Structures are given as structure tokens and as C-alpha cells.
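Take a look at the structure below.
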Amino acid sequence: MIKLIASDIDGTLLTNHGQIVPERTADLIRRLIDKGIYFTAASGRQYSNLRRMFDPISENICYAAENGCLCAHKNEIISKMYLPQDICMDIIDAIHDFPDCYGMVSGVNTSYIDTDNPEIYDLIKNTNKYNVTKVKDLKTDVPEPILKIAVCDPKHGTTRIGPHFGKLFQGEVHAVTAGLIWVDFVGDNANKGLGLKAILDYLHIDPSECIAFGDQLNDIEMLKVAGTSYAMSTGMPEVRALADHITDCVDDVLEEILRNL
């Protein structure tokens, strides 16, 4: 019996880099909730951004935001997993030392940047629709513990920064692709799989009663936790290889689930 459905957002639930969940998708989620099935938005995006995306059903779903570093049931935060402070300082230094890339640090309600590049601010604030705060120095001026650090390479994408930062911090943190131009750093105690597990435990749901959808490397742990996993046909080869099923469209699978209830 299905009790919870979890889905990645960019490249999975949304395939057009949109900032609002389409009405068809929102209606399917409403119908699942009405049938007693929980829905979890699992994303590298920040919590406040996800809540805006899912309005007006944002109060009725669960969240594994910031790649599982912050998890919430409806509007109640149930877990937060922070990066160690010393590792944060090393990552920020490495980002500053590497050309043509920009760092973003995640707090609970806002993200922080220290670049003066107006295009990066515009990308995060107006294109990605994030809460963003400009500070002078990410190492000294972030006033809260750090959930996640992301590095952006708008010119070259993840093909350059992924291998570089992954090798640089191998064994210390997880560095995973989270879209075409972003690589996310999360601690060993945080990923979407652990975030999903925290939500399942909170709701007393067995993983076998969960379905999960994903497309990127940061979805792998979540797909492994779920009893049934779907990879997008456009997803990374490693993700497609481990999934139980391949799909072109999450909505089509949700409709099939509803028909079979």
C-alpha cells in the first residue's frame, strides 16, 4: 500500500525550469492527499522557495529541502542537519580560489552570497525566486549555522566544478550535482535519502510504502530508501541504472496511481 510519494523538483516534477507547480500537478497532489497519501517535495532548493512553489497546497505537504538538510511536515520543521563549521570555511576558501564560480550558503530562511556580480544576484533572486541576502564575506558574516553550501558555474556548468570540488573534498563532504550549473556540498549526515527517512520515521511509514522520483546524482540515496523508485528518462545514467522504473513524466505515473487506488 502506498502511503507517501516523494519527488525531486527540477528535471523531475518540473522539466521546464519553472518556479510554480503546474495546476495539473497540484491537482494530482491534492487528490493523493485526499486519499490519505502524503507528498514530499525533495529538492536542493531552499525551504521558503519550495513553499512558494507549491502554493496554495504548501500547508499540506512535506519537504526535504536543501538536499535533505532541512525537513518539514507541512509547516513544522522536524529536522536540521548542519555542515561542520571548519569544513564550511575550507569550502568557501576553495570556491573563492577557483575562477568563474560563485558560492551560496544556505540558512533556514535565506541564502547568503558575497559576490558583487549582479547577474548572479539576479539569477538567485529573480530567476530562481530565492530569499537571498548579500553579505561582505561568507566566512565571517553569515549569522547562523550553515545547512548547505552550493557552488555555481554559469559559464561552464557542472562538468568543470563537479570533478574539481568532488575530488577536493572527497571523504569530508558529499559534493553532488544539483542541476546544470550547480554543485551542492552537504555533510555526511545529510542527503535526500536521510531526509526522506526522517520524514518516514516521523509519520511512522515503512520505506516499502514509499515511491520516489528523481533524475540527478543527489537523488540516488532517496531512490534507494524508497520501496519503489522511478528515474526520469532524461536523468543521469547512474540514476536510471538503479531505479526500478523509468518514466518520461511524473504526472502520468501519479494519474496511474490514482486510477489504481
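As shown in the C-alpha cells, the chain order sets the letters A, B, ...; within each chain, residues go from 1, and ligands are also counted from 1 in the order they appear.
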Near-region 26-30 of chain A list (7 Å; only C-alpha atoms; drop same-chain fewer than 6 positions) as a list in words: Phe39, Leu254 and Glu255 of chain A
Quick one: contact table of region 3-107 of chain A to region 148-165 of chain A, 8 Å max, nearest atom pair and distance in Å to one decimal per residue, counting only C-alpha atoms, chain and number order, as a Markdown table?
```
| residue | atom | partner | partner_atom | distance |
| --- | --- | --- | --- | --- |
| A:Glu66 | CA | A:Lys148 | CA | 6.6 |
| A:Cys69 | CA | A:Lys148 | CA | 7.2 |
| A:Tyr82 | CA | A:Lys148 | CA | 7.1 |
| A:Leu83 | CA | A:Lys148 | CA | 6.5 |
| A:Cys88 | CA | A:Ile149 | CA | 7.6 |
| A:Ile91 | CA | A:Ile149 | CA | 8.0 |
| A:Ile95 | CA | A:Val151 | CA | 7.0 |
| A:Asp100 | CA | A:Asp153 | CA | 6.3 |
| A:Cys101 | CA | A:Asp153 | CA | 4.6 |
| A:Tyr102 | CA | A:Cys152 | CA | 5.2 |
| A:Gly103 | CA | A:Val151 | CA | 4.6 |
| A:Met104 | CA | A:Ala150 | CA | 5.1 |
| A:Val105 | CA | A:Ile149 | CA | 4.6 |
| A:Ser106 | CA | A:Lys148 | CA | 5.2 |
| A:Gly107 | CA | A:Lys148 | CA | 7.7 |
```
Expected file: the selected residues, C-alpha atoms, as a compact mmCIF listing (two decimals), in the first residue's frame:
```
# COMPACT_ATOMS: atom_id res chain seq x y z
CA GLU A 66 18.40 21.77 0.86
CA CYS A 69 19.38 19.16 5.30
CA TYR A 82 24.33 21.40 9.55
CA LEU A 83 27.73 21.32 7.89
CA CYS A 88 32.48 25.27 5.65
CA ILE A 91 34.85 25.04 1.06
CA ILE A 95 35.24 28.49 -4.09
CA ASP A 100 34.41 31.85 -12.71
CA CYS A 101 32.37 30.26 -9.94
CA TYR A 102 30.30 31.67 -7.09
CA GLY A 103 29.34 30.39 -3.66
CA MET A 104 25.97 30.41 -1.92
CA VAL A 105 25.46 29.48 1.73
CA SER A 106 22.10 28.21 2.99
CA GLY A 107 20.47 29.18 6.27
```
A:Lys80, A:Lys35, A:Lys74, A:Lys129 ranked by distance to Pro145 (chain A), top pick (using only C-alpha atoms): A:Lys80
Residue among A:Leu147, A:Ile199, A:Met236, A:Leu258 lying closest to Glu76 (chain A), counting only C-alpha atoms: A:Ile199
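Across A:Ile78, A:Leu200, A:Ala41, A:Leu32, the tightest approach to Phe54 (chain A) is made by A:Ala41 when counting only C-alpha atoms.
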Residue neighbourhood Arg45 (chain A), 12 Å, only C-alpha atoms, exclusion window fewer than 6 positions, as JSON, numbers by chain: {"A": [8, 9, 10, 19, 51, 52, 53, 63, 64, 65, 66, 67, 68, 69, 70, 71, 104, 105, 106, 107, 108, 109, 110, 111, 124, 128, 129, 130, 131, 147, 148, 149, 150, 178, 179, 182, 183, 184, 192, 218]}
Residues of region 190-221 of chain A in helix (DSSP H, G or I), written as a VMD selection string: chain A and resid 192 to 203 207 to 209 217 to 221
